[in-house]
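Below is upload-v9.tsv, holding TSV, C-alpha atoms and all ligand atoms.
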chain	number	residue	atom	x	y	z
A	22	MET	CA	14.77	19.05	30.42
A	23	SER	CA	12.26	16.83	28.73
A	24	ILE	CA	11.24	15.95	25.18
A	25	GLN	CA	7.85	15.41	23.54
A	26	GLN	CA	7.17	12.21	21.62
A	27	TRP	CA	4.39	10.08	20.18
A	28	VAL	CA	4.23	6.44	21.26
A	29	THR	CA	2.22	3.44	20.10
A	30	PRO	CA	1.37	0.14	21.82
A	31	LEU	CA	0.95	-1.26	18.26
A	32	GLU	CA	-2.82	-1.52	18.72
A	33	GLY	CA	-4.13	0.79	16.01
A	34	LEU	CA	-3.90	4.41	14.94
A	35	ASP	CA	-6.25	5.58	17.71
A	36	SER	CA	-3.87	4.16	20.33
A	37	LEU	CA	-1.14	6.63	19.33
A	38	ARG	CA	-0.57	9.06	22.20
A	39	GLN	CA	1.71	12.00	22.94
A	40	THR	CA	3.97	11.70	25.98
A	41	GLU	CA	6.94	13.36	27.66
A	42	ALA	CA	10.32	11.70	28.24
A	43	PRO	CA	13.65	12.84	29.72
A	44	MET	CA	16.06	14.56	27.32
A	45	PRO	CA	18.52	11.85	26.19
A	46	ALA	CA	22.28	12.49	26.23
A	47	PRO	CA	24.64	11.26	23.51
A	48	GLY	CA	27.14	8.60	24.60
A	49	PRO	CA	30.53	7.97	22.95
A	50	GLY	CA	30.13	7.88	19.16
A	51	GLU	CA	26.59	9.26	19.36
A	52	VAL	CA	24.86	12.48	18.38
A	53	LEU	CA	21.83	14.25	19.83
A	54	VAL	CA	19.56	15.60	17.10
A	55	GLU	CA	16.74	18.13	17.34
A	56	ILE	CA	14.18	16.70	14.94
A	57	HIS	CA	12.48	19.19	12.60
A	58	THR	CA	10.42	17.04	10.22
A	59	VAL	CA	9.34	13.40	9.91
A	60	SER	CA	7.92	11.71	6.82
A	61	LEU	CA	5.45	8.85	7.02
A	62	ASN	CA	5.80	5.54	5.26
A	63	TYR	CA	3.27	2.79	4.62
A	64	ARG	CA	5.32	0.78	7.14
A	65	ASP	CA	4.60	3.25	9.96
A	66	VAL	CA	0.85	2.71	9.59
A	67	GLU	CA	1.33	-1.07	9.57
A	68	VAL	CA	3.62	-0.93	12.61
A	69	THR	CA	1.17	1.19	14.58
A	70	LYS	CA	-1.67	-1.19	13.73
A	71	GLY	CA	0.41	-4.18	14.89
A	72	GLU	CA	0.41	-5.59	11.35
A	73	TYR	CA	4.13	-5.33	10.55
A	74	LYS	CA	5.34	-8.81	11.43
A	75	HIS	CA	7.27	-10.09	8.43
A	76	HIS	CA	10.63	-8.57	9.44
A	77	LYS	CA	10.35	-9.19	13.15
A	78	THR	CA	13.96	-9.90	14.09
A	79	ALA	CA	14.35	-8.81	17.69
A	80	GLU	CA	12.41	-8.44	20.88
A	81	GLN	CA	10.82	-5.03	21.02
A	82	ASN	CA	9.30	-2.97	23.80
A	83	ALA	CA	5.55	-3.20	24.28
A	84	THR	CA	5.30	0.48	23.40
A	85	ILE	CA	7.54	2.20	20.87
A	86	VAL	CA	8.08	5.58	19.27
A	87	PRO	CA	7.06	5.04	15.60
A	88	CYS	CA	8.55	6.33	12.30
A	89	SER	CA	12.01	6.16	10.78
A	90	ASP	CA	12.51	9.10	8.45
A	91	MET	CA	13.57	12.43	9.89
A	92	CYS	CA	15.44	15.62	9.07
A	93	GLY	CA	16.98	17.54	11.95
A	94	VAL	CA	19.90	19.48	13.33
A	95	VAL	CA	22.75	18.20	15.48
A	96	VAL	CA	22.63	19.85	18.90
A	97	GLN	CA	25.27	17.89	20.81
A	98	VAL	CA	27.93	15.31	19.95
A	99	GLY	CA	29.31	12.57	22.20
A	100	SER	CA	32.99	11.83	22.77
A	101	GLY	CA	34.93	10.61	19.76
A	102	VAL	CA	32.55	12.10	17.18
A	103	THR	CA	34.46	14.04	14.53
A	104	ARG	CA	32.07	13.75	11.54
A	105	TRP	CA	29.38	16.09	12.94
A	106	THR	CA	29.27	19.35	14.84
A	107	ALA	CA	26.39	21.26	16.39
A	108	GLY	CA	24.29	22.97	13.70
A	109	ASP	CA	24.80	20.33	10.98
A	110	ARG	CA	21.60	19.35	9.13
A	111	VAL	CA	21.21	15.57	9.09
A	112	LEU	CA	18.92	12.79	7.89
A	113	SER	CA	18.32	9.46	9.56
A	114	THR	CA	19.00	6.16	7.83
A	115	PHE	CA	16.42	3.37	8.20
A	116	LEU	CA	19.06	0.78	9.19
A	117	PRO	CA	21.87	2.73	10.91
A	118	GLU	CA	24.24	-0.26	10.94
A	119	HIS	CA	23.79	-1.01	7.22
A	120	GLN	CA	26.72	0.98	5.87
A	121	THR	CA	27.43	-0.85	2.61
A	122	GLY	CA	26.71	-3.99	0.56
A	123	GLN	CA	24.10	-6.66	1.18
A	124	VAL	CA	21.91	-6.16	4.26
A	125	THR	CA	22.32	-8.73	7.04
A	126	GLU	CA	19.90	-10.04	9.65
A	127	LYS	CA	21.86	-8.23	12.36
A	128	GLU	CA	21.59	-4.89	10.54
A	129	LEU	CA	17.89	-5.48	9.98
A	130	ALA	CA	17.43	-6.03	13.70
A	131	GLY	CA	18.46	-2.39	14.18
A	132	SER	CA	15.57	-0.90	12.15
A	133	ILE	CA	14.45	2.48	13.43
A	134	GLY	CA	10.72	2.69	14.19
A	135	LEU	CA	10.48	-1.05	15.05
A	136	PRO	CA	12.05	-2.80	16.76
A	137	LEU	CA	14.07	0.26	17.88
A	138	ASP	CA	12.33	3.45	18.95
A	139	GLY	CA	11.70	5.76	16.04
A	140	VAL	CA	11.85	9.45	15.30
A	141	LEU	CA	8.38	10.88	16.03
A	142	ALA	CA	9.84	12.99	18.82
A	143	THR	CA	11.38	16.39	19.35
A	144	HIS	CA	14.84	14.90	20.00
A	145	ARG	CA	16.61	11.56	19.57
A	146	VAL	CA	20.12	10.18	19.94
A	147	PHE	CA	21.61	8.46	16.86
A	148	PRO	CA	24.90	6.67	16.26
A	149	ALA	CA	27.07	9.19	14.38
A	150	HIS	CA	27.62	6.70	11.55
A	151	GLY	CA	23.86	6.29	11.05
A	152	LEU	CA	23.25	9.81	9.71
A	153	VAL	CA	23.77	11.48	6.34
A	154	GLN	CA	24.10	15.13	5.39
A	155	VAL	CA	21.01	16.97	4.09
A	156	PRO	CA	21.26	18.23	0.48
A	157	SER	CA	21.59	21.99	1.04
A	158	TYR	CA	19.00	23.00	-1.61
A	159	MET	CA	16.19	21.03	0.07
A	160	SER	CA	13.78	22.22	2.75
A	161	ASP	CA	13.42	20.13	5.91
A	162	GLU	CA	10.02	18.98	4.63
A	163	GLU	CA	11.45	17.75	1.32
A	164	ALA	CA	14.61	16.19	2.77
A	165	CYS	CA	12.89	14.05	5.40
A	166	THR	CA	11.16	12.08	2.60
A	167	LEU	CA	14.42	10.57	1.35
A	168	PRO	CA	15.54	7.79	3.74
A	169	ILE	CA	12.97	5.08	3.01
A	170	ALA	CA	10.98	5.96	-0.12
A	171	ALA	CA	13.68	7.50	-2.29
A	172	VAL	CA	16.47	5.10	-1.27
A	173	THR	CA	14.19	2.14	-1.99
A	174	ALA	CA	13.33	3.56	-5.42
A	175	TRP	CA	17.02	4.29	-6.07
A	176	MET	CA	18.06	0.72	-5.22
A	177	SER	CA	15.24	-0.63	-7.39
A	178	ILE	CA	16.32	1.38	-10.42
A	179	ASN	CA	20.05	1.68	-9.88
A	180	GLY	CA	20.82	-1.42	-7.83
A	181	MET	CA	20.99	-4.53	-9.98
A	182	ARG	CA	20.96	-2.72	-13.33
A	183	PRO	CA	22.98	0.45	-12.79
A	184	ILE	CA	21.60	3.44	-14.65
A	185	GLY	CA	23.28	3.74	-18.02
A	186	GLN	CA	24.93	0.33	-18.05
A	187	HIS	CA	22.53	-1.93	-19.83
A	188	GLY	CA	22.55	-1.97	-23.54
A	189	GLY	CA	22.61	1.73	-24.40
A	190	LYS	CA	18.93	1.83	-25.29
A	191	ASP	CA	15.94	3.39	-23.64
A	192	GLU	CA	13.99	1.18	-21.26
A	193	TYR	CA	10.42	1.01	-20.02
A	194	ILE	CA	9.90	1.37	-16.30
A	195	LEU	CA	6.57	0.57	-14.63
A	196	LEU	CA	5.67	2.27	-11.34
A	197	GLN	CA	2.62	1.01	-9.47
A	198	GLY	CA	0.58	3.56	-7.54
A	199	THR	CA	1.45	7.16	-6.74
A	200	GLY	CA	2.78	6.77	-3.19
A	201	GLY	CA	6.18	7.71	-1.83
A	202	VAL	CA	8.27	5.03	-3.50
A	203	ALA	CA	6.58	5.25	-6.91
A	204	ILE	CA	6.81	9.04	-7.17
A	205	ALA	CA	10.46	9.04	-6.08
A	206	GLY	CA	11.04	6.33	-8.71
A	207	LEU	CA	9.33	8.44	-11.36
A	208	GLN	CA	11.46	11.46	-10.49
A	209	ILE	CA	14.69	9.42	-10.52
A	210	ALA	CA	13.85	7.70	-13.81
A	211	LYS	CA	12.93	10.92	-15.57
A	212	ALA	CA	16.04	12.71	-14.24
A	213	ALA	CA	18.23	9.83	-15.45
A	214	GLY	CA	16.71	10.13	-18.88
A	215	ALA	CA	16.47	13.92	-19.01
A	216	ARG	CA	17.01	15.20	-22.55
A	217	ASP	CA	18.10	18.58	-23.86
A	218	ALA	CA	16.21	20.60	-26.49
A	219	LYS	CA	17.81	18.56	-29.28
A	220	GLY	CA	16.64	15.28	-27.74
A	221	ARG	CA	20.09	14.31	-26.45
A	222	LEU	CA	20.36	12.74	-23.01
A	223	ARG	CA	21.49	15.38	-20.55
A	224	SER	CA	22.42	13.20	-17.61
A	225	VAL	CA	25.27	10.84	-16.87
A	226	ALA	CA	23.03	8.00	-18.01
A	227	LEU	CA	23.47	6.51	-21.45
A	228	ILE	CA	19.83	5.53	-21.53
A	229	GLY	CA	16.53	7.14	-20.78
A	230	TYR	CA	13.42	5.64	-19.28
A	231	ALA	CA	9.91	5.78	-20.61
A	232	ALA	CA	7.86	5.78	-17.43
A	233	ILE	CA	4.51	4.05	-17.13
A	234	ILE	CA	2.56	4.70	-13.93
A	235	THR	CA	-0.67	3.22	-12.60
A	236	SER	CA	-3.10	4.76	-10.12
A	237	SER	CA	-6.66	4.47	-8.87
A	238	SER	CA	-7.17	8.18	-9.57
A	239	ASP	CA	-7.20	10.11	-12.85
A	240	ALA	CA	-6.37	13.31	-10.99
A	241	LYS	CA	-3.22	11.70	-9.58
A	242	LEU	CA	-2.33	10.40	-13.05
A	243	ASP	CA	-2.53	13.98	-14.33
A	244	GLN	CA	-0.11	15.03	-11.59
A	245	ALA	CA	2.20	12.17	-12.58
A	246	LYS	CA	2.15	13.41	-16.20
A	247	GLN	CA	3.31	16.81	-14.99
A	248	LEU	CA	6.30	15.04	-13.41
A	249	GLY	CA	7.12	13.44	-16.75
A	250	ALA	CA	5.17	10.14	-16.78
A	251	ASP	CA	4.95	9.00	-20.41
A	252	CYS	CA	2.05	6.58	-20.05
A	253	THR	CA	-0.62	6.65	-17.34
A	254	ILE	CA	-3.14	3.89	-16.60
A	255	ASN	CA	-6.00	3.87	-14.10
A	256	TYR	CA	-5.89	0.36	-12.59
A	257	ARG	CA	-9.46	0.72	-11.26
A	258	THR	CA	-11.13	1.62	-14.53
A	259	THR	CA	-8.71	-0.56	-16.54
A	260	PRO	CA	-8.56	-3.83	-14.58
A	261	ASN	CA	-6.56	-5.45	-17.41
A	262	TRP	CA	-3.91	-2.73	-17.16
A	263	GLU	CA	-1.17	-5.27	-17.89
A	264	SER	CA	-2.50	-5.67	-21.46
A	265	GLU	CA	-2.46	-1.90	-21.77
A	266	VAL	CA	1.22	-1.92	-20.75
A	267	MET	CA	1.99	-4.55	-23.40
A	268	GLN	CA	0.12	-2.55	-26.02
A	269	TRP	CA	1.79	0.75	-25.15
A	270	THR	CA	5.24	-0.85	-25.25
A	271	GLN	CA	4.46	-2.47	-28.61
A	272	ASN	CA	4.43	-5.91	-27.00
A	273	HIS	CA	7.88	-5.44	-25.45
A	274	GLY	CA	6.72	-5.18	-21.81
A	275	ALA	CA	8.29	-3.27	-18.93
A	276	ASP	CA	12.03	-3.71	-18.44
A	277	ILE	CA	11.83	-2.74	-14.77
A	278	ILE	CA	8.78	-3.02	-12.52
A	279	LEU	CA	8.74	-1.41	-9.09
A	280	GLU	CA	6.35	-2.66	-6.40
A	281	THR	CA	4.25	-5.77	-6.44
A	282	GLY	CA	5.35	-6.95	-9.85
A	283	SER	CA	3.49	-8.48	-12.75
A	284	PHE	CA	4.53	-11.38	-14.91
A	285	ASP	CA	1.91	-10.42	-17.46
A	286	CYS	CA	3.66	-7.28	-18.66
A	287	ILE	CA	7.36	-7.86	-17.93
A	288	ALA	CA	9.81	-7.73	-20.84
A	289	PHE	CA	12.11	-10.63	-21.69
A	290	GLY	CA	15.12	-10.28	-19.38
A	291	GLY	CA	13.22	-7.75	-17.26
A	292	LEU	CA	13.72	-6.94	-13.59
A	293	ILE	CA	10.90	-7.11	-11.03
A	294	ASP	CA	11.81	-5.27	-7.85
A	295	CYS	CA	9.75	-6.87	-5.09
A	296	ILE	CA	9.23	-3.96	-2.74
A	297	GLY	CA	5.83	-4.17	-1.12
A	298	TYR	CA	2.31	-5.43	-1.26
A	299	VAL	CA	-0.06	-2.48	-1.51
A	300	SER	CA	-2.42	-4.59	-3.58
A	301	GLY	CA	-2.57	-7.20	-0.80
A	302	LYS	CA	-0.37	-9.81	0.89
A	303	VAL	CA	-0.46	-13.32	-0.61
A	304	ASP	CA	0.50	-16.23	1.59
A	305	ALA	CA	-0.15	-19.20	-0.71
A	306	GLU	CA	2.36	-21.91	0.18
A	307	ASP	CA	2.48	-23.51	-3.24
A	308	ASP	CA	3.22	-20.25	-5.07
A	309	ARG	CA	6.96	-20.94	-5.24
A	310	LEU	CA	6.82	-23.36	-8.11
A	311	ASN	CA	4.61	-21.03	-10.14
A	312	VAL	CA	6.96	-18.12	-9.53
A	313	ASN	CA	9.90	-20.20	-10.76
A	314	LEU	CA	8.09	-21.13	-13.93
A	315	LEU	CA	6.83	-17.63	-14.53
A	316	ALA	CA	10.31	-16.15	-14.08
A	317	LEU	CA	11.77	-18.74	-16.43
A	318	ARG	CA	9.18	-18.09	-19.13
A	319	ARG	CA	10.57	-14.59	-19.85
A	320	THR	CA	14.03	-14.96	-18.19
A	321	VAL	CA	12.94	-12.53	-15.52
A	322	THR	CA	15.02	-11.44	-12.52
A	323	LEU	CA	13.11	-11.11	-9.25
A	324	LYS	CA	14.93	-8.96	-6.70
A	325	GLY	CA	13.73	-8.44	-3.15
A	326	ILE	CA	14.53	-4.93	-2.00
A	327	ILE	CA	14.98	-3.81	1.60
A	328	ASN	CA	15.87	-0.14	1.45
A	329	GLY	CA	19.63	0.34	0.86
A	330	PRO	CA	22.97	0.94	2.59
A	331	LYS	CA	24.27	4.34	3.66
A	332	ASP	CA	26.87	4.60	0.88
A	333	ARG	CA	24.12	4.12	-1.77
A	334	PHE	CA	21.97	6.73	0.05
A	335	GLU	CA	24.86	9.21	-0.28
A	336	GLU	CA	25.33	8.24	-3.93
A	337	MET	CA	21.62	8.95	-4.47
A	338	ILE	CA	21.92	12.34	-2.80
A	339	ARG	CA	24.69	13.26	-5.27
A	340	PHE	CA	22.32	12.30	-8.11
A	341	TYR	CA	19.50	14.37	-6.58
A	342	GLU	CA	21.89	17.33	-6.25
A	343	ALA	CA	23.12	17.01	-9.83
A	344	HIS	CA	19.52	17.03	-11.11
A	345	GLN	CA	18.09	19.33	-8.41
A	346	ILE	CA	15.23	16.88	-7.82
A	347	ARG	CA	12.66	18.22	-5.36
A	348	PRO	CA	10.73	15.45	-3.56
A	349	VAL	CA	6.94	15.73	-3.78
A	350	VAL	CA	5.37	16.56	-0.41
A	351	HIS	CA	1.58	16.33	-0.58
A	352	ARG	CA	0.72	17.64	2.87
A	353	VAL	CA	2.44	18.76	6.07
A	354	PHE	CA	0.73	18.15	9.44
A	355	PRO	CA	1.73	19.83	12.73
A	356	PHE	CA	3.23	17.59	15.47
A	357	ALA	CA	0.04	17.83	17.54
A	358	GLU	CA	-1.91	16.30	14.61
A	359	ALA	CA	0.34	13.30	14.04
A	360	LYS	CA	-2.59	10.91	14.45
A	361	GLU	CA	-4.48	12.68	11.65
A	362	ALA	CA	-1.37	12.43	9.47
A	363	PHE	CA	-1.29	8.64	9.95
A	364	LYS	CA	-5.00	8.43	9.08
A	365	PHE	CA	-4.48	10.58	6.01
A	366	LEU	CA	-1.72	8.28	4.75
A	367	GLU	CA	-3.84	5.22	5.51
A	368	SER	CA	-6.71	6.69	3.45
A	369	GLY	CA	-4.45	6.65	0.36
A	370	ARG	CA	-5.47	10.18	-0.64
A	371	HIS	CA	-1.86	11.33	-0.90
A	372	PHE	CA	0.35	11.78	-3.97
A	373	GLY	CA	4.00	11.41	-2.98
A	374	LYS	CA	4.77	11.99	0.69
A	375	VAL	CA	3.03	13.02	3.92
A	376	VAL	CA	5.15	14.95	6.41
A	377	ILE	CA	4.84	15.89	10.10
A	378	LYS	CA	6.50	19.13	11.19
A	379	ILE	CA	7.94	18.63	14.66
A	380	GLN	CA	9.25	22.10	15.44
A	381	PRO	CA	6.65	24.90	15.06
B	1	LIG	N1	11.12	-3.03	0.61
B	1	LIG	C1	11.34	-1.81	1.07
B	1	LIG	O1	12.45	-1.45	1.46
B	1	LIG	C2	10.20	-0.84	1.08
B	1	LIG	C3	10.43	0.52	1.29
B	1	LIG	C4	9.35	1.39	1.20
B	1	LIG	C5	8.07	0.89	0.96
B	1	LIG	N2	7.89	-0.45	0.81
B	1	LIG	C6	6.57	-0.99	0.51
B	1	LIG	O2	6.21	-0.48	-0.76
B	1	LIG	C7	4.83	-0.23	-0.82
B	1	LIG	C8	4.59	1.24	-1.16
B	1	LIG	O3	5.10	2.02	-0.10
B	1	LIG	P1	4.87	3.58	-0.07
B	1	LIG	O4	5.53	4.10	1.15
B	1	LIG	O5	5.21	4.18	-1.37
B	1	LIG	O6	3.30	3.60	0.16
B	1	LIG	P2	2.26	4.76	0.06
B	1	LIG	O7	2.93	6.09	-0.02
B	1	LIG	O8	1.27	4.55	1.13
B	1	LIG	O9	1.57	4.51	-1.34
B	1	LIG	C9	0.86	3.35	-1.63
B	1	LIG	C10	0.18	3.55	-2.99
B	1	LIG	O10	-0.10	2.29	-3.54
B	1	LIG	C11	-1.16	2.42	-4.44
B	1	LIG	N3	-2.07	1.26	-4.32
B	1	LIG	C12	-2.97	1.01	-3.35
B	1	LIG	N4	-3.64	-0.12	-3.63
B	1	LIG	C13	-3.15	-0.56	-4.82
B	1	LIG	C14	-3.48	-1.66	-5.64
B	1	LIG	N5	-4.44	-2.52	-5.31
B	1	LIG	N6	-2.78	-1.82	-6.79
B	1	LIG	C15	-1.79	-0.95	-7.13
B	1	LIG	N7	-1.47	0.12	-6.37
B	1	LIG	C16	-2.15	0.31	-5.24
B	1	LIG	C17	-1.89	3.71	-4.12
B	1	LIG	O11	-1.71	4.57	-5.24
B	1	LIG	P3	-2.93	5.33	-5.93
B	1	LIG	O12	-3.58	6.14	-4.83
B	1	LIG	O13	-2.31	6.15	-6.98
B	1	LIG	O14	-3.86	4.29	-6.48
B	1	LIG	C18	-1.15	4.24	-2.89
B	1	LIG	O15	-1.01	5.62	-2.89
B	1	LIG	C19	4.29	-0.68	0.53
B	1	LIG	O16	3.85	-2.01	0.43
B	1	LIG	C20	5.49	-0.60	1.44
B	1	LIG	O17	5.40	-1.46	2.54
B	1	LIG	C21	8.93	-1.31	0.88

Output the file's structure as C-alpha cells, nothing else.
Ligand SMILES: NC(=O)c1ccc[n+]([C@@H]2O[C@H](COP(=O)([O-])OP(=O)(O)OC[C@H]3O[C@@H](n4cnc5c(N)ncnc54)[C@H](OP(=O)(O)O)[C@@H]3O)[C@@H](O)[C@H]2O)c1
Amino acid sequence: MSIQQWVTPLEGLDSLRQTEAPMPAPGPGEVLVEIHTVSLNYRDVEVTKGEYKHHKTAEQNATIVPCSDMCGVVVQVGSGVTRWTAGDRVLSTFLPEHQTGQVTEKELAGSIGLPLDGVLATHRVFPAHGLVQVPSYMSDEEACTLPIAAVTAWMSINGMRPIGQHGGKDEYILLQGTGGVAIAGLQIAKAAGARDAKGRLRSVALIGYAAIITSSSDAKLDQAKQLGADCTINYRTTPNWESEVMQWTQNHGADIILETGSFDCIAFGGLIDCIGYVSGKVDAEDDRLNVNLLALRRTVTLKGIINGPKDRFEEMIRFYEAHQIRPVVHRVFPFAEAKEAFKFLESGRHFGKVVIKIQP
C-alpha cells in the first residue's frame, strides 16, 4: 500500500511535486490518519520558497512534505492509544508537543511542515497527544482552517488579556489585512461581543469589541462588514490609515492590534500582538531602542505570538461551538492542483482561508 504526497525541496512554488511513498504504520502512542482537507498558511508559501528561516531550530531533510493544518479521520491506532479509535474526526496541532503554557525551543523544533514533514499527503502518522477533536458542526473544509490561523487569533485576543476580564468596557480591536488570522480574529471578536436585540452582550464576555479592519481591497472590506466589522479602512487608498483609526476611535486608539502592529494608533495601555510581517520584514539592528521608547510613550504591551498550546486550542473550540462560528473558506482546490492553491494564496486574492481537498 502506498500514499500520495506533495514534496518541496524549498526552492520555490514550481518545485513542488507529487510523489508516492509507502503507507506508514503507527507505532506505540501513535495514530494513522487519513487526511481529508488541508488549509494553507502564509508560512507554507514561505517554507516552499525557502524563505522561512527565522524559526529554524533543527536540522531538516533536504526535501519535506509541506503544510501543517489538516482535518482527517483516524484509521488505525498504535499500542497504548486509548484517546482515539478508528473513525474519529481529528485536527492536527502545529506543535504537537506544545500541550500547555509557554512554548519552548524543544516544542518549536517539532513544528509540522518544517522542520518535520507536514500534512499535504493522503495519510500521515501523528502522536496521539498531538491531535484534537473536530467540532461536529463543521465541515472538513471549515475545520482544517483552525490549527494555525484561528488559534493564533485566539491567543492574540484571549491570551494576555482574557476576553471579559479587562475593565468591563468595550474595546477597539484592529485587524490588519483580510487573511486567515485577521478574519478568524474578526469572527472571534464579534462573537465575544455579540449582543441581543436589546443591545445586551449575549456571550460569556463582559465586554464587546468594536472591530476595525484594514485591507488593500474595497470588495474585501465589504465582505468584512458582512462579518460584523465596525470600521473598514483601505490601506492602499488611505496610506495614513493610522490617523483614520485615531479619528474613528475619538483619539483613543486601538486597545488590541493583531499583526504587524502600529505605535501610531495604539491606545494607552494597549496590546500589540506581534504575529507576522505581511507588510515586510524589517531587520534594522538599532530598532530596539526605538521600540522601547515607543512602547513606553503609551505604556504599550508588545507580545510575540507563536500559535498556542493544545489546551488553549481546545478552549477555543468550545468557544467556536458555543457561538457556532463557521470559518471563512474562500476557495477549495483539488489535491492534484495543490501548486495552483499555493500560487493563489501567494497572490493575496483570498479572503479568509484557502483549502486543498485531499480525498475526492
Ligand atoms: N505568529 C504566529 O503564530 C503566526 C500564525 C499565523 C500567521 N502568522 C503570520 O501572520 C501573517 C498573516 O498570516 P495569514 O496566514 O493570515 O496570511 P494570509 O492569509 O496570507 O493573509 C495575509 C494578508 O495580509 C494583508 N497584507 C498584505 N500586505 C499587507 C500590507 N502591506 N499591509 C497590511 N496588510 C497586508 C493582505 O490582506 P488584504 O488582501 O486584505 O490587503 C493579505 O490577505 C503572516 O506574516 C504570517 O506569517 C503568524

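Each of A:Val96, A:Met337, A:Met176, A:Val59 was checked against ligand LIG 1 (chain B) using only C-alpha atoms and all ligand atoms; the smallest atom-to-atom distance is that of A:Met176.
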
Expected answer as a PDB file with C-alpha atoms, in the frame of the given file: all residues with atoms within 12 Å of (-4.9, 2.3, -8.6), only C-alpha atoms:
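Dumped everything to result02.pdb:
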ATOM      1  CA  LEU A 196       5.670   2.270 -11.340  1.00  0.00           C
ATOM      2  CA  GLN A 197       2.620   1.010  -9.470  1.00  0.00           C
ATOM      3  CA  GLY A 198       0.580   3.560  -7.540  1.00  0.00           C
ATOM      4  CA  THR A 199       1.450   7.160  -6.740  1.00  0.00           C
ATOM      5  CA  GLY A 200       2.780   6.770  -3.190  1.00  0.00           C
ATOM      6  CA  ALA A 203       6.580   5.250  -6.910  1.00  0.00           C
ATOM      7  CA  ILE A 234       2.560   4.700 -13.930  1.00  0.00           C
ATOM      8  CA  THR A 235      -0.670   3.220 -12.600  1.00  0.00           C
ATOM      9  CA  SER A 236      -3.100   4.760 -10.120  1.00  0.00           C
ATOM     10  CA  SER A 237      -6.660   4.470  -8.870  1.00  0.00           C
ATOM     11  CA  SER A 238      -7.170   8.180  -9.570  1.00  0.00           C
ATOM     12  CA  ASP A 239      -7.200  10.110 -12.850  1.00  0.00           C
ATOM     13  CA  ALA A 240      -6.370  13.310 -10.990  1.00  0.00           C
ATOM     14  CA  LYS A 241      -3.220  11.700  -9.580  1.00  0.00           C
ATOM     15  CA  LEU A 242      -2.330  10.400 -13.050  1.00  0.00           C
ATOM     16  CA  THR A 253      -0.620   6.650 -17.340  1.00  0.00           C
ATOM     17  CA  ILE A 254      -3.140   3.890 -16.600  1.00  0.00           C
ATOM     18  CA  ASN A 255      -6.000   3.870 -14.100  1.00  0.00           C
ATOM     19  CA  TYR A 256      -5.890   0.360 -12.590  1.00  0.00           C
ATOM     20  CA  ARG A 257      -9.460   0.720 -11.260  1.00  0.00           C
ATOM     21  CA  THR A 258     -11.130   1.620 -14.530  1.00  0.00           C
ATOM     22  CA  THR A 259      -8.710  -0.560 -16.540  1.00  0.00           C
ATOM     23  CA  PRO A 260      -8.560  -3.830 -14.580  1.00  0.00           C
ATOM     24  CA  ASN A 261      -6.560  -5.450 -17.410  1.00  0.00           C
ATOM     25  CA  TRP A 262      -3.910  -2.730 -17.160  1.00  0.00           C
ATOM     26  CA  VAL A 299      -0.060  -2.480  -1.510  1.00  0.00           C
ATOM     27  CA  SER A 300      -2.420  -4.590  -3.580  1.00  0.00           C
ATOM     28  CA  GLY A 369      -4.450   6.650   0.360  1.00  0.00           C
ATOM     29  CA  ARG A 370      -5.470  10.180  -0.640  1.00  0.00           C
ATOM     30  CA  PHE A 372       0.350  11.780  -3.970  1.00  0.00           C
TER      31      PHE A 372
END

* Hey, which of A:Ala170, A:Ile293, A:Ile338, A:Val350 ends up closest to ligand LIG 1 (chain B)? Count all atoms listed in the file. ->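 Among the listed residues, A:Ala170 lies closest to ligand LIG 1 (chain B).
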
* **Point (8.4, 3.5, -12.9) neighbourhood (6 Å, only C-alpha atoms) written as a PyMOL selection string** => chain A and resi 194-196+206-207+232-233

Requested write-out: C-alpha atoms of the selected residues, as a PDB file, in the coordinates of the input:
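Below you can see out-v4.pdb, which holds the result:
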ATOM      1  CA  ILE A 194       9.900   1.370 -16.300  1.00  0.00           C
ATOM      2  CA  LEU A 195       6.570   0.570 -14.630  1.00  0.00           C
ATOM      3  CA  LEU A 196       5.670   2.270 -11.340  1.00  0.00           C
ATOM      4  CA  GLY A 206      11.040   6.330  -8.710  1.00  0.00           C
ATOM      5  CA  LEU A 207       9.330   8.440 -11.360  1.00  0.00           C
ATOM      6  CA  ALA A 232       7.860   5.780 -17.430  1.00  0.00           C
ATOM      7  CA  ILE A 233       4.510   4.050 -17.130  1.00  0.00           C
TER       8      ILE A 233
END

* In Å to one decimal, how far is CA of Gly325 (chain A) from atom P2 of ligand LIG 1 (chain B)? ->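 Straight-line distance from atom P2 of ligand LIG 1 (chain B) to CA of Gly325 (chain A) works out to 17.8 Å.
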
* In Å to one decimal, how far is CA of Leu248 (chain A) from CA of Val349 (chain A)? ->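 So the answer is 9.7 Å.
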
* To do: Could you please determine the separation between CA of Ala275 (chain A) and CA of Ala205 (chain A) in Å, to one decimal place?
  =>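 CA of Ala205 (chain A) lies at a distance of 17.9 Å from CA of Ala275 (chain A).
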
* Structure fact -> Between A:Pro43, A:Phe147, A:Tyr341, A:Gly134, smallest distance to Lys211 (chain A) by all atoms listed in the file belongs to A:Tyr341

Step by step, gather every atom of ligand LIG 1 (chain B) that the file lists, find the box along x, y and z that holds them, add 6 Å on each side, and finally give centre and edge lengths in Å to one decimal, as lines of an AutoDock Vina configuration file.
center_x = 4.0
center_y = 1.6
center_z = -2.3
size_x = 28.9
size_y = 21.2
size_z = 21.7

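Nearest to ligand LIG 1 (chain B) of all the residues A:Leu37, A:Ala316, A:Ala171, A:Leu31 is A:Ala171, counting all atoms listed in the file.
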
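Minimum distance to Asp276 (chain A) across A:Ser177, A:Gln123, A:Gln380, A:Ser113 (counting only C-alpha atoms) occurs at A:Ser177.
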
* Could you give me, as a PyMOL selection string, the residues within 9 Å of Glu162 (chain A), counting only C-alpha atoms and dropping anything in the same chain fewer than 5 positions from it? => chain A and resi 57-60+92+348+350+353+376-378

* Nearest to Glu265 (chain A) among A:Cys286, A:Val28, A:Leu53, A:Cys295, with distances taken over only C-alpha atoms: which residue is it? -> A:Cys286

* Tell me, as a list in words, which residues lie within 7 Å of Arg110 (chain A), counting only C-alpha atoms; anything in the same chain fewer than 3 positions away does not count. => Gly93, Val94, Val95, Gln154 and Val155 of chain A

* To do: For region 172-175 of chain A, list every protein, DNA or RNA residue within 8 Å, evaluated using all atoms listed in the file, and leave out those in the same chain fewer than 3 positions away; present the list as a list of chain:residue names.
  =>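 Returned residues: A:Leu167, A:Pro168, A:Ile169, A:Ile178, A:Asn179, A:Gly180, A:Val202, A:Ala203, A:Ala205, A:Gly206, A:Ile209, A:Leu279, A:Ile296, A:Ile326, A:Ile327, A:Asn328, A:Gly329, A:Arg333, A:Phe334, A:Met337.
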